[in-house]
$ cat work.pdb   # PDB, C-alpha atoms
ATOM      1  CA  MET A   1     248.427  51.038 -60.956
ATOM      2  CA  ALA A   2     250.851  53.785 -62.012
ATOM      3  CA  LYS A   3     254.411  52.732 -62.820
ATOM      4  CA  MET A   4     257.687  54.315 -63.801
ATOM      5  CA  MET A   5     258.353  53.017 -67.315
ATOM      6  CA  GLY A   6     260.900  53.767 -70.018
ATOM      7  CA  PRO A   7     264.353  52.568 -71.084
ATOM      8  CA  LYS A   8     266.443  52.141 -67.941
ATOM      9  CA  PHE A   9     269.846  52.261 -69.674
ATOM     10  CA  LYS A  10     269.030  55.665 -71.151
ATOM     11  CA  GLN A  11     267.689  56.842 -67.803
ATOM     12  CA  SER A  12     270.866  55.641 -66.063
ATOM     13  CA  ARG A  13     273.038  57.630 -68.476
ATOM     14  CA  ARG A  14     270.901  60.754 -68.097
ATOM     15  CA  LEU A  15     270.987  60.620 -64.291
ATOM     16  CA  GLY A  16     274.603  59.526 -64.040
ATOM     17  CA  LEU A  17     273.644  56.578 -61.826
ATOM     18  CA  ASN A  18     273.035  52.923 -62.609
ATOM     19  CA  VAL A  19     269.338  52.733 -61.726
ATOM     20  CA  SER A  20     268.774  49.535 -63.719
ATOM     21  CA  GLY A  21     271.146  47.280 -61.803
ATOM     22  CA  HIS A  22     272.582  45.963 -65.078
ATOM     23  CA  PRO A  23     276.407  45.944 -65.188
ATOM     24  CA  LYS A  24     276.476  47.374 -68.735
ATOM     25  CA  ALA A  25     274.064  50.246 -68.086
ATOM     26  CA  MET A  26     276.768  52.917 -67.679
ATOM     27  CA  LYS A  27     279.149  51.818 -70.467
ATOM     28  CA  ARG A  28     277.865  54.381 -72.964
ATOM     29  CA  ALA A  29     277.848  57.065 -70.259
ATOM     30  CA  GLU A  30     281.583  56.530 -69.778
ATOM     31  CA  ARG A  31     282.161  57.019 -73.507
ATOM     32  CA  SER A  32     280.156  60.257 -73.508
ATOM     33  CA  LYS A  33     282.248  61.965 -70.825
ATOM     34  CA  GLY A  34     283.757  65.160 -72.132
ATOM     35  CA  SER A  35     280.706  66.113 -74.156
ATOM     36  CA  SER A  36     279.163  69.522 -73.509
ATOM     37  CA  ARG A  37     275.970  67.910 -72.205
ATOM     38  CA  ALA A  38     277.802  65.593 -69.809
ATOM     39  CA  ASP A  39     279.954  68.445 -68.462
ATOM     40  CA  LYS A  40     277.155  70.994 -68.051
ATOM     41  CA  LYS A  41     277.487  72.703 -64.676
ATOM     42  CA  LEU A  42     274.341  72.643 -62.564
ATOM     43  CA  THR A  43     273.083  75.273 -60.175
ATOM     44  CA  GLU A  44     272.676  74.385 -56.496
ATOM     45  CA  TYR A  45     268.959  73.830 -57.071
ATOM     46  CA  GLY A  46     269.675  71.762 -60.184
ATOM     47  CA  THR A  47     272.110  69.561 -58.271
ATOM     48  CA  GLN A  48     269.545  68.956 -55.518
ATOM     49  CA  LEU A  49     266.814  68.229 -58.064
ATOM     50  CA  LEU A  50     269.034  65.778 -59.935
ATOM     51  CA  GLU A  51     269.876  63.921 -56.727
ATOM     52  CA  LYS A  52     266.179  63.629 -55.897
ATOM     53  CA  GLN A  53     265.448  62.268 -59.381
ATOM     54  CA  ARG A  54     268.292  59.761 -59.063
ATOM     55  CA  LEU A  55     266.979  58.386 -55.782
ATOM     56  CA  ARG A  56     263.419  58.186 -57.097
ATOM     57  CA  ALA A  57     264.580  56.339 -60.193
ATOM     58  CA  TYR A  58     266.777  53.959 -58.232
ATOM     59  CA  TYR A  59     263.878  52.755 -56.085
ATOM     60  CA  ASN A  60     261.428  53.164 -58.982
ATOM     61  CA  VAL A  61     258.830  55.257 -57.133
ATOM     62  CA  LEU A  62     256.619  58.043 -58.426
ATOM     63  CA  GLU A  63     256.872  61.645 -57.226
ATOM     64  CA  LYS A  64     253.705  61.648 -55.110
ATOM     65  CA  GLN A  65     254.768  58.454 -53.370
ATOM     66  CA  PHE A  66     258.308  59.761 -52.900
ATOM     67  CA  VAL A  67     257.016  62.942 -51.234
ATOM     68  CA  ARG A  68     255.092  60.808 -48.728
ATOM     69  CA  TYR A  69     258.322  59.048 -47.806
ATOM     70  CA  VAL A  70     260.080  62.401 -47.381
ATOM     71  CA  ASP A  71     257.277  63.720 -45.146
ATOM     72  CA  LYS A  72     257.392  60.574 -43.020
ATOM     73  CA  ALA A  73     261.191  60.778 -42.710
ATOM     74  CA  MET A  74     260.949  64.420 -41.647
ATOM     75  CA  ARG A  75     258.532  63.494 -38.852
ATOM     76  CA  THR A  76     260.867  60.924 -37.300
ATOM     77  CA  LYS A  77     263.250  61.645 -34.436
ATOM     78  CA  GLY A  78     266.290  60.488 -36.406
ATOM     79  CA  GLN A  79     268.175  62.211 -39.217
ATOM     80  CA  THR A  80     265.897  62.779 -42.199
ATOM     81  CA  GLY A  81     268.316  61.574 -44.896
ATOM     82  CA  PRO A  82     269.148  58.143 -43.439
ATOM     83  CA  GLU A  83     265.521  57.677 -42.350
ATOM     84  CA  LEU A  84     264.363  58.339 -45.919
ATOM     85  CA  LEU A  85     266.801  55.781 -47.300
ATOM     86  CA  ASN A  86     265.683  53.162 -44.776
ATOM     87  CA  LEU A  87     262.011  53.711 -45.648
ATOM     88  CA  LEU A  88     262.791  53.133 -49.318
ATOM     89  CA  GLU A  89     265.176  50.261 -48.671
ATOM     90  CA  LEU A  90     262.603  48.352 -46.588
ATOM     91  CA  ARG A  91     259.928  48.385 -49.277
ATOM     92  CA  LEU A  92     258.915  44.810 -50.068
ATOM     93  CA  ASP A  93     259.749  45.064 -53.779
ATOM     94  CA  ASN A  94     263.237  46.376 -53.039
ATOM     95  CA  MET A  95     263.919  43.733 -50.397
ATOM     96  CA  VAL A  96     262.757  40.964 -52.752
ATOM     97  CA  TYR A  97     265.414  42.284 -55.145
ATOM     98  CA  ARG A  98     268.084  42.593 -52.426
ATOM     99  CA  MET A  99     267.318  39.094 -51.164
ATOM    100  CA  GLY A 100     268.077  37.691 -54.618
ATOM    101  CA  PHE A 101     264.643  36.561 -55.772
ATOM    102  CA  ALA A 102     264.728  38.961 -58.747
ATOM    103  CA  THR A 103     267.346  40.468 -61.047
ATOM    104  CA  SER A 104     265.928  44.005 -60.805
ATOM    105  CA  ILE A 105     263.507  46.042 -58.723
ATOM    106  CA  ARG A 106     261.125  46.076 -61.682
ATOM    107  CA  GLN A 107     261.091  42.298 -61.846
ATOM    108  CA  ALA A 108     260.707  42.126 -58.066
ATOM    109  CA  ARG A 109     257.717  44.478 -58.196
ATOM    110  CA  GLN A 110     256.048  42.346 -60.836
ATOM    111  CA  MET A 111     256.621  39.213 -58.749
ATOM    112  CA  VAL A 112     255.110  40.873 -55.671
ATOM    113  CA  ASN A 113     252.124  42.134 -57.682
ATOM    114  CA  HIS A 114     251.478  38.587 -58.905
ATOM    115  CA  GLY A 115     251.363  37.256 -55.350
ATOM    116  CA  HIS A 116     254.491  35.111 -55.329
ATOM    117  CA  PHE A 117     255.532  35.977 -51.758
ATOM    118  CA  LEU A 118     254.535  35.449 -48.158
ATOM    119  CA  VAL A 119     255.539  37.849 -45.396
ATOM    120  CA  ASN A 120     255.539  36.145 -42.013
ATOM    121  CA  GLY A 121     253.425  33.380 -43.534
ATOM    122  CA  LYS A 122     250.789  35.663 -45.098
ATOM    123  CA  LYS A 123     250.412  36.530 -48.772
ATOM    124  CA  VAL A 124     251.347  40.147 -49.540
ATOM    125  CA  ASN A 125     251.019  41.602 -53.052
ATOM    126  CA  ILE A 126     251.695  45.268 -52.277
ATOM    127  CA  PRO A 127     255.149  46.365 -53.569
ATOM    128  CA  SER A 128     255.314  49.340 -51.187
ATOM    129  CA  TYR A 129     254.583  47.160 -48.128
ATOM    130  CA  ALA A 130     256.966  48.304 -45.375
ATOM    131  CA  LEU A 131     259.013  45.493 -43.882
ATOM    132  CA  LYS A 132     260.321  45.591 -40.315
ATOM    133  CA  VAL A 133     263.266  44.002 -38.583
ATOM    134  CA  GLY A 134     262.494  40.320 -38.054
ATOM    135  CA  ASP A 135     260.079  40.021 -40.981
ATOM    136  CA  VAL A 136     260.491  36.861 -43.064
ATOM    137  CA  VAL A 137     259.930  36.950 -46.825
ATOM    138  CA  GLU A 138     259.300  33.570 -48.443
ATOM    139  CA  LEU A 139     258.693  32.429 -52.004
ATOM    140  CA  ARG A 140     255.323  30.675 -52.076
ATOM    141  CA  GLU A 141     255.330  26.905 -52.479
ATOM    142  CA  LYS A 142     253.655  26.900 -55.893
ATOM    143  CA  SER A 143     255.933  29.707 -57.127
ATOM    144  CA  ARG A 144     258.969  27.502 -56.521
ATOM    145  CA  LYS A 145     257.978  25.571 -59.634
ATOM    146  CA  THR A 146     259.112  28.590 -61.683
ATOM    147  CA  GLU A 147     262.726  27.766 -62.453
ATOM    148  CA  ARG A 148     263.717  31.399 -63.052
ATOM    149  CA  PHE A 149     262.734  32.399 -59.498
ATOM    150  CA  THR A 150     264.470  29.526 -57.774
ATOM    151  CA  GLU A 151     267.612  29.894 -59.881
ATOM    152  CA  ASN A 152     267.881  33.596 -59.020
ATOM    153  CA  PHE A 153     267.734  32.818 -55.328
ATOM    154  CA  ALA A 154     270.038  29.801 -55.462
ATOM    155  CA  GLN A 155     272.757  31.754 -57.232
ATOM    156  CA  LEU A 156     273.090  34.200 -54.291
ATOM    157  CA  MET A 157     273.547  37.090 -56.671
ATOM    158  CA  GLY A 158     276.281  39.558 -55.790
ATOM    159  CA  THR A 159     277.895  40.067 -52.420
ATOM    160  CA  PRO A 160     275.949  38.872 -49.345
ATOM    161  CA  ILE A 161     274.088  41.777 -47.718
ATOM    162  CA  PRO A 162     274.820  42.124 -43.977
ATOM    163  CA  TYR A 163     271.306  43.147 -42.917
ATOM    164  CA  ILE A 164     269.677  40.163 -44.642
ATOM    165  CA  GLU A 165     269.778  36.522 -43.530
ATOM    166  CA  ARG A 166     269.075  34.047 -46.312
ATOM    167  CA  ASP A 167     267.753  30.504 -46.041
ATOM    168  CA  VAL A 168     268.432  29.123 -49.510
ATOM    169  CA  GLU A 169     267.077  25.660 -48.768
ATOM    170  CA  HIS A 170     263.642  26.996 -47.807
ATOM    171  CA  PHE A 171     263.553  29.934 -50.262
ATOM    172  CA  LYS A 172     263.178  32.560 -47.585
ATOM    173  CA  ALA A 173     265.093  35.519 -46.188
ATOM    174  CA  THR A 174     264.836  37.624 -43.040
ATOM    175  CA  VAL A 175     265.379  41.325 -42.390
ATOM    176  CA  ALA A 176     268.012  40.801 -39.702
ATOM    177  CA  ARG A 177     268.425  44.456 -38.730
ATOM    178  CA  LEU A 178     268.203  47.983 -40.071
ATOM    179  CA  PRO A 179     270.909  48.741 -42.636
ATOM    180  CA  GLN A 180     273.746  51.121 -41.817
ATOM    181  CA  ARG A 181     274.158  53.994 -44.277
ATOM    182  CA  GLU A 182     277.514  52.722 -45.520
ATOM    183  CA  GLU A 183     275.961  49.325 -46.267
ATOM    184  CA  LEU A 184     273.437  50.678 -48.767
ATOM    185  CA  PRO A 185     274.786  49.985 -52.261
ATOM    186  CA  ILE A 186     273.739  53.330 -53.738
ATOM    187  CA  GLU A 187     275.765  56.448 -54.572
ATOM    188  CA  ILE A 188     273.452  59.186 -53.369
ATOM    189  CA  ASN A 189     273.942  62.346 -51.304
ATOM    190  CA  GLU A 190     270.684  62.233 -49.393
ATOM    191  CA  GLN A 191     271.400  65.564 -47.646
ATOM    192  CA  LEU A 192     270.929  67.341 -50.980
ATOM    193  CA  ILE A 193     267.460  65.799 -51.212
ATOM    194  CA  VAL A 194     266.585  66.931 -47.685
ATOM    195  CA  GLU A 195     267.734  70.453 -48.586
ATOM    196  CA  TYR A 196     265.638  70.392 -51.766
ATOM    197  CA  TYR A 197     262.447  69.526 -49.926
ATOM    198  CA  SER A 198     263.223  71.889 -47.045
ATOM    199  CA  LYS A 199     263.032  74.719 -49.577
ATOM    200  CA  THR A 200     259.981  73.484 -51.456
ATOM    201  CA  ARG A 201     257.753  72.282 -48.613
TER     202      ARG A 201
END
$ encode --input "work.pdb" --output "structure tokens"
Amino acid sequence: MAKMMGPKFKQSRRLGLNVSGHPKAMKRAERSKGSSRADKKLTEYGTQLLEKQRLRAYYNVLEKQFVRYVDKAMRTKGQTGPELLNLLELRLDNMVYRMGFATSIRQARQMVNHGHFLVNGKKVNIPSYALKVGDVVELREKSRKTERFTENFAQLMGTPIPYIERDVEHFKATVARLPQREELPIEINEQLIVEYYSKTR
């Protein structure tokens, strides 16, 4: 299966966005401000392209897969930008990360691939599986013997996320509702991405 690989700290600095989730990822980027490369002015197209690359990298999806999400968002009745973000946000690998089972989307994807989770009581090992409101994600019984997984979840990493309900005792979490745009912890101007694909489609 194709994956996005490469050093995430370097990618974060290049894109100007912490796509690794590590708190130290942007430290060197802050020190490099003022350099000719960091201050290079982009064209309108370049700005749109960069924003698209940032969003792709954040959710760790390949171009072909990303285009499918854009096409699907464009076919919905809602606004394309927020719809695109919701489609990406509700991927199983991303929600495993948001729920606190993993320390990064990459780790979450690996855990899903290895069959560590049940969705509504059934084993799902497809990272791109689209969750819906009301879906319950649960760490499998035998996977709870892995101390790293259970510790991640028990620590309730970061600030509680309003669209997720967690059941720490039973190692499960529920998609309580669709996220509001302002609740998504990502600094992206999705309208620039919509404009980019409107010109290239």
$ closest_residue --input "work.pdb" --among "A:Glu63, A:Asp93, A:Glu165, A:Glu183" --to "Gln110 of chain A" --atoms "only C-alpha atoms"
A:Asp93
$ closest_residue --input "work.pdb" --among "A:Phe149, A:Pro162, A:Gln65, A:Phe101" --to "Pro185 of chain A" --atoms "only C-alpha atoms"
A:Pro162
$ atom_distance --input "work.pdb" --atom1 "atom CA of Lys77 of chain A" --atom2 "atom CA of Thr200 of chain A"
21.0 Å
$ residues_near_point --input "work.pdb" --point "(261.8, 43.6, -49.6)" --cutoff "10 Å" --atoms "only C-alpha atoms" --output "PyMOL selection string"
chain A and resi 88-101+105+108-109+112+119+127-132+135-137+164+173-175
$ closest_atom_pairs --input "work.pdb" --of "segment 143-194 of chain A" --to "segment 68-72 of chain A" --cutoff "12 Å" --atoms "all atoms listed in the file" --output "CSV"
residue,atom,partner,partner_atom,distance
A:Glu190,CA,A:Val70,CA,10.8
A:Gln191,CA,A:Val70,CA,11.8
A:Ile193,CA,A:Val70,CA,9.0
A:Val194,CA,A:Val70,CA,7.9
$ closest_residue --input "work.pdb" --among "A:Arg56, A:Phe117, A:Ile161, A:Leu84" --to "Ala176 of chain A" --atoms "all atoms listed in the file"
A:Ile161
$ residues_around --input "work.pdb" --residues "segment 39-53 of chain A" --least-positions-apart "6" --cutoff "7 Å" --atoms "all atoms listed in the file" --output "compact mmCIF listing (two decimals) with C-alpha atoms, keeping the file's coordinate frame"
# COMPACT_ATOMS: atom_id res chain seq x y z
CA ILE A 188 273.45 59.19 -53.37
CA ASN A 189 273.94 62.35 -51.30
CA LEU A 192 270.93 67.34 -50.98
CA ILE A 193 267.46 65.80 -51.21
CA TYR A 196 265.64 70.39 -51.77
$ residues_around --input "work.pdb" --residues "Arg177 of chain A" --least-positions-apart "6" --cutoff "8 Å" --atoms "only C-alpha atoms" --output "PyMOL selection string"
chain A and resi 133-134+163-164
$ closest_residue --input "work.pdb" --among "A:Tyr197, A:Phe171, A:Tyr59, A:Phe153" --to "Gly81 of chain A" --atoms "all atoms listed in the file"
A:Tyr197
$ residues_near_point --input "work.pdb" --point "(249.7, 44.6, -55.1)" --cutoff "8 Å" --atoms "only C-alpha atoms" --output "ChimeraX atom specification"
/A:112-115,124-127
$ closest_residue --input "work.pdb" --among "A:Arg166, A:Pro82, A:Val61, A:Lys172" --to "Gly121 of chain A" --atoms "only C-alpha atoms"
A:Lys172
$ atom_distance --input "work.pdb" --atom1 "atom CA of Leu62 of chain A" --atom2 "atom CA of Gly78 of chain A"
24.2 Å
$ closest_residue --input "work.pdb" --among "A:Leu85, A:Leu139, A:Met111, A:Ala102" --to "Gln180 of chain A" --atoms "only C-alpha atoms"
A:Leu85
